[in-house]
Each structure stands twice: as C-alpha cells, then as structure tokens.
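Next up, query32.txt (compact mmCIF, C-alpha atoms):
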# COMPACT_ATOMS: atom_id res chain seq x y z
CA GLN J 330 51.28 -4.57 -1.07
CA LYS J 331 54.96 -3.90 -1.64
CA GLU J 332 56.39 -0.90 0.17
CA VAL J 333 58.19 0.36 -2.94
CA GLU J 334 57.17 -0.48 -6.48
CA GLN J 335 59.12 -0.01 -9.70
CA ASN J 336 58.65 -1.19 -13.23
CA SER J 337 61.30 -3.85 -13.76
CA GLY J 338 61.88 -2.87 -17.38
CA PRO J 339 64.07 -3.17 -19.26
CA LEU J 340 63.80 0.43 -20.34
CA SER J 341 65.69 1.02 -23.57
CA VAL J 342 66.62 4.52 -24.71
CA PRO J 343 68.99 5.73 -27.43
CA GLU J 344 72.18 7.51 -26.47
CA GLY J 345 71.55 11.21 -25.83
CA ALA J 346 67.87 10.74 -24.95
CA ILE J 347 66.17 11.34 -21.61
CA ALA J 348 65.55 8.26 -19.49
CA SER J 349 62.64 8.47 -17.06
CA LEU J 350 62.45 6.06 -14.13
CA ASN J 351 59.49 5.91 -11.79
CA CYS J 352 58.73 4.65 -8.31
CA THR J 353 55.73 4.60 -5.98
CA TYR J 354 55.73 3.94 -2.24
CA SER J 355 53.09 2.99 0.29
CA ASP J 356 54.22 4.51 3.62
CA ARG J 357 52.83 8.05 3.81
CA GLY J 358 55.11 8.72 6.78
CA SER J 359 58.24 8.35 4.67
CA GLN J 360 60.50 11.37 4.68
CA SER J 361 63.60 10.40 2.72
CA PHE J 362 63.89 9.07 -0.80
CA PHE J 363 66.92 7.80 -2.65
CA TRP J 364 68.00 6.51 -6.02
CA TYR J 365 70.76 3.95 -6.26
CA ARG J 366 72.50 2.63 -9.35
CA GLN J 367 73.65 -0.98 -9.46
CA TYR J 368 75.88 -2.31 -12.19
CA SER J 369 75.77 -6.03 -12.86
CA GLY J 370 77.74 -7.91 -10.23
CA LYS J 371 78.31 -4.81 -8.11
CA SER J 372 76.73 -3.33 -5.01
CA PRO J 373 74.28 -0.40 -5.14
CA GLU J 374 75.75 3.09 -5.12
CA LEU J 375 73.84 6.22 -4.13
CA ILE J 376 73.29 8.72 -6.92
CA MET J 377 70.52 11.02 -5.65
CA SER J 378 68.55 11.80 -2.53
CA ILE J 379 65.45 13.97 -2.18
CA TYR J 380 63.43 14.99 0.86
CA SER J 381 61.07 17.80 -0.24
CA ASN J 382 58.37 17.96 -2.86
CA GLY J 383 59.59 19.21 -6.22
CA ASP J 384 62.69 18.71 -8.27
CA LYS J 385 66.31 18.32 -7.30
CA GLU J 386 68.99 18.48 -9.97
CA ASP J 387 72.53 17.12 -9.86
CA GLY J 388 74.37 17.21 -13.15
CA ARG J 389 72.51 15.07 -15.67
CA PHE J 390 70.25 13.64 -12.97
CA THR J 391 66.98 15.14 -11.71
CA ALA J 392 64.96 13.58 -8.93
CA GLN J 393 61.30 14.49 -8.57
CA LEU J 394 59.16 13.93 -5.50
CA ASN J 395 55.40 14.20 -5.07
CA LYS J 396 54.43 13.16 -1.56
CA ALA J 397 50.71 13.64 -2.17
CA SER J 398 50.84 11.07 -4.96
CA GLN J 399 53.54 8.99 -3.18
CA TYR J 400 55.62 9.12 -6.29
CA VAL J 401 59.33 9.54 -6.94
CA SER J 402 61.04 9.72 -10.29
CA LEU J 403 64.53 10.01 -11.71
CA LEU J 404 65.31 11.68 -15.02
CA ILE J 405 68.64 11.08 -16.71
CA ARG J 406 69.40 13.63 -19.42
CA ASP J 407 71.79 12.98 -22.29
CA SER J 408 71.83 9.27 -21.45
CA GLN J 409 75.14 7.50 -22.03
CA PRO J 410 75.86 3.78 -22.54
CA SER J 411 77.67 3.94 -19.18
CA ASP J 412 74.32 4.72 -17.56
CA SER J 413 73.16 1.20 -18.44
CA ALA J 414 72.47 -0.39 -15.07
CA THR J 415 69.66 -1.27 -12.70
CA TYR J 416 68.26 1.72 -10.81
CA LEU J 417 66.87 1.09 -7.35
CA CYS J 418 64.41 3.37 -5.62
CA ALA J 419 64.72 3.40 -1.83
CA VAL J 420 62.51 4.93 0.81
CA ARG J 421 63.41 5.51 4.43
CA GLY J 422 60.34 4.72 6.45
CA GLY J 423 58.96 6.25 9.61
CA ASN J 424 61.26 3.90 11.51
CA PHE J 425 64.47 5.67 10.56
CA ASN J 426 66.49 2.50 10.46
CA LYS J 427 64.28 0.79 7.91
CA PHE J 428 65.05 1.29 4.26
CA TYR J 429 62.68 -0.19 1.72
CA PHE J 430 63.99 -0.93 -1.76
CA GLY J 431 62.13 -1.44 -4.98
CA SER J 432 62.97 -4.33 -7.24
CA GLY J 433 64.82 -1.99 -9.60
CA THR J 434 64.40 -0.87 -13.19
CA LYS J 435 66.95 -2.09 -15.70
CA LEU J 436 68.03 0.67 -18.07
CA ASN J 437 69.72 -0.01 -21.40
CA VAL J 438 71.20 2.94 -23.25
CA LYS J 439 71.88 2.01 -26.86
CA PRO J 440 74.81 3.64 -28.66
CA GLU V 907 89.81 2.74 1.83
CA THR V 908 86.13 2.07 1.25
CA GLY V 909 83.63 3.04 3.92
CA VAL V 910 82.11 -0.43 4.30
CA THR V 911 84.36 -3.43 3.81
CA GLN V 912 83.15 -6.99 3.42
CA THR V 913 85.13 -10.22 3.49
CA PRO V 914 85.35 -12.63 1.88
CA ARG V 915 84.22 -11.31 -1.49
CA HIS V 916 83.51 -14.82 -2.75
CA LEU V 917 82.68 -17.93 -0.77
CA VAL V 918 81.83 -21.45 -1.85
CA MET V 919 80.61 -23.75 0.87
CA GLY V 920 79.02 -27.14 1.22
CA MET V 921 75.68 -27.61 2.90
CA THR V 922 77.30 -29.07 6.01
CA ASN V 923 79.95 -26.37 6.39
CA LYS V 924 80.07 -23.51 8.86
CA LYS V 925 81.43 -20.20 7.64
CA SER V 926 81.12 -16.52 8.48
CA LEU V 927 80.84 -13.30 6.54
CA LYS V 928 82.47 -10.23 8.01
CA CYS V 929 81.62 -6.56 7.61
CA GLU V 930 83.44 -3.51 8.95
CA GLN V 931 82.42 0.10 8.53
CA HIS V 932 84.75 3.08 8.91
CA LEU V 933 82.09 5.78 8.70
CA GLY V 934 81.24 6.22 12.36
CA HIS V 935 77.70 5.00 11.76
CA ASN V 936 75.52 3.45 14.44
CA ALA V 937 73.24 1.22 12.38
CA MET V 938 74.34 -1.81 10.36
CA TYR V 939 72.38 -4.09 8.07
CA TRP V 940 72.51 -7.38 6.25
CA TYR V 941 70.69 -7.64 2.92
CA LYS V 942 70.33 -10.60 0.59
CA GLN V 943 70.12 -10.16 -3.16
CA SER V 944 69.22 -13.20 -5.24
CA ALA V 945 69.22 -13.29 -9.03
CA LYS V 946 66.30 -11.33 -10.50
CA LYS V 947 64.92 -10.53 -7.04
CA PRO V 948 64.84 -7.27 -5.07
CA LEU V 949 67.02 -6.59 -2.08
CA GLU V 950 65.74 -8.45 0.96
CA LEU V 951 66.41 -6.96 4.37
CA MET V 952 67.64 -9.65 6.76
CA PHE V 953 68.81 -7.98 9.95
CA VAL V 954 69.22 -4.49 11.40
CA TYR V 955 71.48 -3.57 14.29
CA ASN V 956 71.28 -0.23 16.00
CA PHE V 957 74.03 0.63 18.50
CA LYS V 958 74.96 -3.09 18.32
CA GLU V 959 71.47 -4.17 19.41
CA GLN V 960 69.36 -6.17 16.96
CA THR V 961 66.26 -4.18 16.07
CA GLU V 962 65.03 -6.13 13.09
CA ASN V 963 64.96 -9.79 12.12
CA ASN V 964 62.98 -10.14 8.93
CA SER V 965 61.88 -13.74 9.54
CA VAL V 966 65.29 -15.05 8.57
CA PRO V 967 65.90 -18.81 8.98
CA SER V 968 68.01 -19.74 11.98
CA ARG V 969 70.74 -21.15 9.74
CA PHE V 970 71.75 -17.48 9.42
CA SER V 971 73.04 -16.10 12.70
CA PRO V 972 74.12 -12.46 12.96
CA GLU V 973 76.54 -11.04 15.46
CA CYS V 974 77.33 -7.40 16.15
CA PRO V 975 80.09 -7.03 18.76
CA ASN V 976 80.27 -3.24 18.33
CA SER V 977 78.91 -0.51 16.07
CA SER V 978 81.71 -0.98 13.54
CA HIS V 979 81.62 -4.73 13.01
CA LEU V 980 78.93 -7.09 11.85
CA PHE V 981 79.13 -10.80 11.17
CA LEU V 982 76.82 -13.28 9.53
CA HIS V 983 77.45 -16.83 10.67
CA LEU V 984 76.33 -19.49 8.22
CA HIS V 985 75.62 -23.16 8.92
CA THR V 986 73.77 -25.96 7.16
CA LEU V 987 72.80 -23.71 4.28
CA GLN V 988 70.74 -24.75 1.29
CA PRO V 989 71.54 -24.21 -2.40
CA GLU V 990 68.77 -21.61 -2.59
CA ASP V 991 70.76 -19.51 -0.11
CA SER V 992 73.27 -18.82 -2.87
CA ALA V 993 73.15 -15.06 -3.39
CA LEU V 994 74.95 -11.77 -2.99
CA TYR V 995 75.02 -10.76 0.67
CA LEU V 996 75.32 -7.05 1.21
CA CYS V 997 76.31 -5.32 4.38
CA ALA V 998 75.35 -1.68 4.84
CA SER V 999 75.53 1.04 7.43
CA SER V 1000 73.81 4.32 8.16
CA PRO V 1001 73.93 7.05 10.77
CA GLN V 1002 71.37 6.82 13.52
CA GLY V 1003 68.11 8.58 12.71
CA GLY V 1004 67.85 11.82 10.76
CA THR V 1005 65.80 12.52 7.68
CA GLY V 1006 68.78 13.10 5.46
CA ASN V 1007 70.77 10.06 6.37
CA THR V 1008 71.13 7.34 3.82
CA ILE V 1009 72.49 3.82 3.70
CA TYR V 1010 75.90 2.89 2.34
CA PHE V 1011 76.69 -0.56 1.01
CA GLY V 1012 79.78 -2.67 1.02
CA GLU V 1013 80.94 -4.47 -2.11
CA GLY V 1014 79.10 -7.61 -1.11
CA SER V 1015 79.99 -11.24 -0.54
CA TRP V 1016 79.04 -13.69 -3.26
CA LEU V 1017 77.96 -16.93 -1.64
CA THR V 1018 77.58 -20.21 -3.50
CA VAL V 1019 76.20 -23.21 -1.62
CA VAL V 1020 76.98 -26.55 -3.24

Just give me the structure of the file as structure tokens.
Amino acid sequence: QKEVEQNSGPLSVPEGAIASLNCTYSDRGSQSFFWYRQYSGKSPELIMSIYSNGDKEDGRFTAQLNKASQYVSLLIRDSQPSDSATYLCAVRGGNFNKFYFGSGTKLNVKP
Amino acid sequence: ETGVTQTPRHLVMGMTNKKSLKCEQHLGHNAMYWYKQSAKKPLELMFVYNFKEQTENNSVPSRFSPECPNSSHLFLHLHTLQPEDSALYLCASSPQGGTGNTIYFGEGSWLTVV
C-alpha cells in the first residue's frame, strides 16, 4: 500500500471553475499535510499546509483535512491557465524527517 | 538568493564516469534530503541526513554515494551509473522536527546518463 495516494489525472477544468484535488494517506500518526505545485521541468513549490481537521483558506486555495477519513483535499477557486501544473500531496509521517509524496495530479485549466 | 541551491543544473555523463551533485541550503535547517524524480513517476526518497548523520537510505544502489560534511551541504557522488538513472535529482531541506515544519526543494539537477 502506498503511503500517499492521488489520482494521476489529468483533471481538466475550464477557466474560472473550481478544481478539486484529492489525496488519501495511510499513516494515522501523520500530523502535517502539504500541497506542492510542480510546473513541468521545475521543482515542487509549497502552496499550502494544514495540520488540523477542517478547512484552511489562502487566497484562491482551500485545503481540507479529515484525519478520521485520512483524507486531504485542495480546492482551487477561479482556476486560471497559470494553475496548470502537477499538484503533489505530501504527508509528514510520525518520523518527523520522513515526508511521503503522492504521485501527483496533473491539472489542465482550459482558457 | 534561493534557500536551497543545487549544482550543476544539468549533467550529462557516460556510464564509466564519476561525477558529483552538490547541494547547499541557506535556511539554517538541520535535515537534508535527496529525492529522485523520473519521468511519469512519483518522487522517490533516496537519502535523509539529520544533523549531518544519515538516518535514511531507501535501498539505493551503491553507485549513488551521499556525503554530508555539515548541516548546510549535501553531495551525491555518482559512479558507473546506468541509463535508467537518468532523472531529475532534487535536494531538499527542512528544520528538525516540529509539526509545522515543511520541506523546501532546490531547483534540481537534471542528469542524463549516456
């Protein structure tokens, strides 16, 4: 079983729509959850972090965490073509120096 | 100046060559990592160093040899690589411990083995 699972996509949404990206994880002891964005040929960059159950909003991005269901999601409102990238879900395990990454979901925002 | 700097950005090497990748972090972090990212594959953790001591070796072949002389510098020494080792190699760092601490990546080193 993979530690972090994501749908590889691609997920295609029209410009201005809401993009919804999902992630599940296996380690119930995990405390920290992150979303990274990776443009083609570039390294991952952190866009959101979340540590408590519920929602956390930052601009057009909302991260949602449900520890009981071991589920993390990222909502992107008013999607823009510049949001087209691969989104990686990452979980910091009980061993604080171990980060587990999902395989990423490729998002295409169509003008 | 970026927080995590990797050199070289691009490297082409033959299977009999010996080369090294270098990483330097300017964030005051105590943990450093090497990840491998191949085309259409997820990030693969290779090595973790914590206070310059190796704490994780994710069954990496011995043709990859890491070195961490201090908490700010990390090397990946490469020798007798195979074409399937061609990938993006990412260095990262994070503060020691702490729920809220995350991992920061360098720009990566693109490696092509011919």

Stretch 926-929 of chain V, all listed atoms, 8 Å padding on each side: what axis-aligned box centre and edge lengths in Å to one decimal come out, as AutoDock Vina command-line options?
--center_x 81.7 --center_y -11.5 --center_z 7.5 --size_x 17.6 --size_y 26.0 --size_z 17.9

Hey, what's within 8 Å of V:Val910 if we count all atoms listed in the file and toss same-chain stuff fewer than 6 positions away? As a ChimeraX atom specification, please?
/V:929-933,997-999,1010-1013

Could you please tell me, as an mmCIF file with C-alpha atoms, in the frame of the given file, which residues of chain V have an atom within 10 Å of chain J when using all atoms listed in the file?
data_model
loop_
_atom_site.group_PDB
_atom_site.id
_atom_site.type_symbol
_atom_site.label_atom_id
_atom_site.label_comp_id
_atom_site.auth_asym_id
_atom_site.auth_seq_id
_atom_site.Cartn_x
_atom_site.Cartn_y
_atom_site.Cartn_z
ATOM 1 C CA ASN V 936 75.520 3.450 14.440
ATOM 2 C CA ALA V 937 73.240 1.220 12.380
ATOM 3 C CA MET V 938 74.340 -1.810 10.360
ATOM 4 C CA TYR V 939 72.380 -4.090 8.070
ATOM 5 C CA GLN V 943 70.120 -10.160 -3.160
ATOM 6 C CA LYS V 946 66.300 -11.330 -10.500
ATOM 7 C CA LYS V 947 64.920 -10.530 -7.040
ATOM 8 C CA PRO V 948 64.840 -7.270 -5.070
ATOM 9 C CA LEU V 949 67.020 -6.590 -2.080
ATOM 10 C CA GLU V 950 65.740 -8.450 0.960
ATOM 11 C CA LEU V 951 66.410 -6.960 4.370
ATOM 12 C CA VAL V 954 69.220 -4.490 11.400
ATOM 13 C CA TYR V 955 71.480 -3.570 14.290
ATOM 14 C CA ASN V 956 71.280 -0.230 16.000
ATOM 15 C CA THR V 961 66.260 -4.180 16.070
ATOM 16 C CA GLU V 962 65.030 -6.130 13.090
ATOM 17 C CA LEU V 994 74.950 -11.770 -2.990
ATOM 18 C CA TYR V 995 75.020 -10.760 0.670
ATOM 19 C CA LEU V 996 75.320 -7.050 1.210
ATOM 20 C CA CYS V 997 76.310 -5.320 4.380
ATOM 21 C CA SER V 999 75.530 1.040 7.430
ATOM 22 C CA SER V 1000 73.810 4.320 8.160
ATOM 23 C CA PRO V 1001 73.930 7.050 10.770
ATOM 24 C CA GLN V 1002 71.370 6.820 13.520
ATOM 25 C CA GLY V 1003 68.110 8.580 12.710
ATOM 26 C CA GLY V 1004 67.850 11.820 10.760
ATOM 27 C CA THR V 1005 65.800 12.520 7.680
ATOM 28 C CA GLY V 1006 68.780 13.100 5.460
ATOM 29 C CA ASN V 1007 70.770 10.060 6.370
ATOM 30 C CA THR V 1008 71.130 7.340 3.820
ATOM 31 C CA ILE V 1009 72.490 3.820 3.700
ATOM 32 C CA TYR V 1010 75.900 2.890 2.340
ATOM 33 C CA PHE V 1011 76.690 -0.560 1.010
ATOM 34 C CA GLY V 1012 79.780 -2.670 1.020
ATOM 35 C CA GLU V 1013 80.940 -4.470 -2.110
ATOM 36 C CA GLY V 1014 79.100 -7.610 -1.110
ATOM 37 C CA SER V 1015 79.990 -11.240 -0.540
ATOM 38 C CA TRP V 1016 79.040 -13.690 -3.260
#

Report, in Å to a single decimal, how far apart atom CA of J:Ser408 and atom CA of J:Glu344 are.
5.3 Å

Please identify all polymer residues within 8 Å of V:Pro975, counting all atoms listed in the file, omitting same-chain residues fewer than 3 positions from it, and present them as JSON, numbers by chain.
{"V": [958, 979, 980]}

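Proximity ranking of V:Val1019, V:His916, V:Met921, V:Leu927 relative to V:Leu982 places V:Leu927 first, based on all atoms listed in the file.
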
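When all atoms listed in the file are used to compute distances to V:Leu984, the closest of the residues V:Gln912, V:Thr922, V:Gln960, V:Ser971 turns out to be V:Ser971.
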
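Atom CA of V:Thr913 is found 11.4 Å from atom CA of V:Lys925.
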
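Taking atom CA of V:Ser944 and atom CA of V:Leu1017 as endpoints, the distance between them is 10.2 Å.
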
Mind listing as a VMD selection string all residues within 10 Å of (66.7, -18.1, 5.8), counting all atoms listed in the file?
chain V and resid 942 952 964 to 971 987 to 988 990 to 991

Could you list, as a PyMOL selection string, every residue within 6 Å of stretch 394-404 of chain J, counting all atoms listed in the file and ignoring same-chain residues fewer than 3 positions away?
chain J and resi 348-354+382-383+390-391

Env of J:Tyr416: 8 Å cut, atoms = all atoms listed in the file, seq-sep filter 6 positions within chain, self excluded. Answer as a PyMOL selection string.
chain J and resi 350+364-367+433-436

Generate a file of the selected residues that holds C-alpha atoms, formatted as a PDB file, in the frame of the given file.
ATOM      1  CA  LEU J 350      62.450   6.060 -14.130  1.00  0.00           C
ATOM      2  CA  TRP J 364      68.000   6.510  -6.020  1.00  0.00           C
ATOM      3  CA  TYR J 365      70.760   3.950  -6.260  1.00  0.00           C
ATOM      4  CA  ARG J 366      72.500   2.630  -9.350  1.00  0.00           C
ATOM      5  CA  GLN J 367      73.650  -0.980  -9.460  1.00  0.00           C
ATOM      6  CA  GLY J 433      64.820  -1.990  -9.600  1.00  0.00           C
ATOM      7  CA  THR J 434      64.400  -0.870 -13.190  1.00  0.00           C
ATOM      8  CA  LYS J 435      66.950  -2.090 -15.700  1.00  0.00           C
ATOM      9  CA  LEU J 436      68.030   0.670 -18.070  1.00  0.00           C
TER      10      LEU J 436
END

Report as a list of chain:residue names all protein, DNA and RNA residues lying within 8 Å of J:Ser355, evaluated on only C-alpha atoms, omitting residues in the same chain fewer than 5 positions from it.
J:Gln330, J:Lys331, J:Glu332, J:Val333, J:Gln399

Generate a file of the selected residues that holds C-alpha atoms, formatted as a PDB file, keeping the file's coordinate frame.
ATOM      1  CA  GLN J 330      51.280  -4.570  -1.070  1.00  0.00           C
ATOM      2  CA  LYS J 331      54.960  -3.900  -1.640  1.00  0.00           C
ATOM      3  CA  GLU J 332      56.390  -0.900   0.170  1.00  0.00           C
ATOM      4  CA  VAL J 333      58.190   0.360  -2.940  1.00  0.00           C
ATOM      5  CA  GLN J 399      53.540   8.990  -3.180  1.00  0.00           C
TER       6      GLN J 399
END
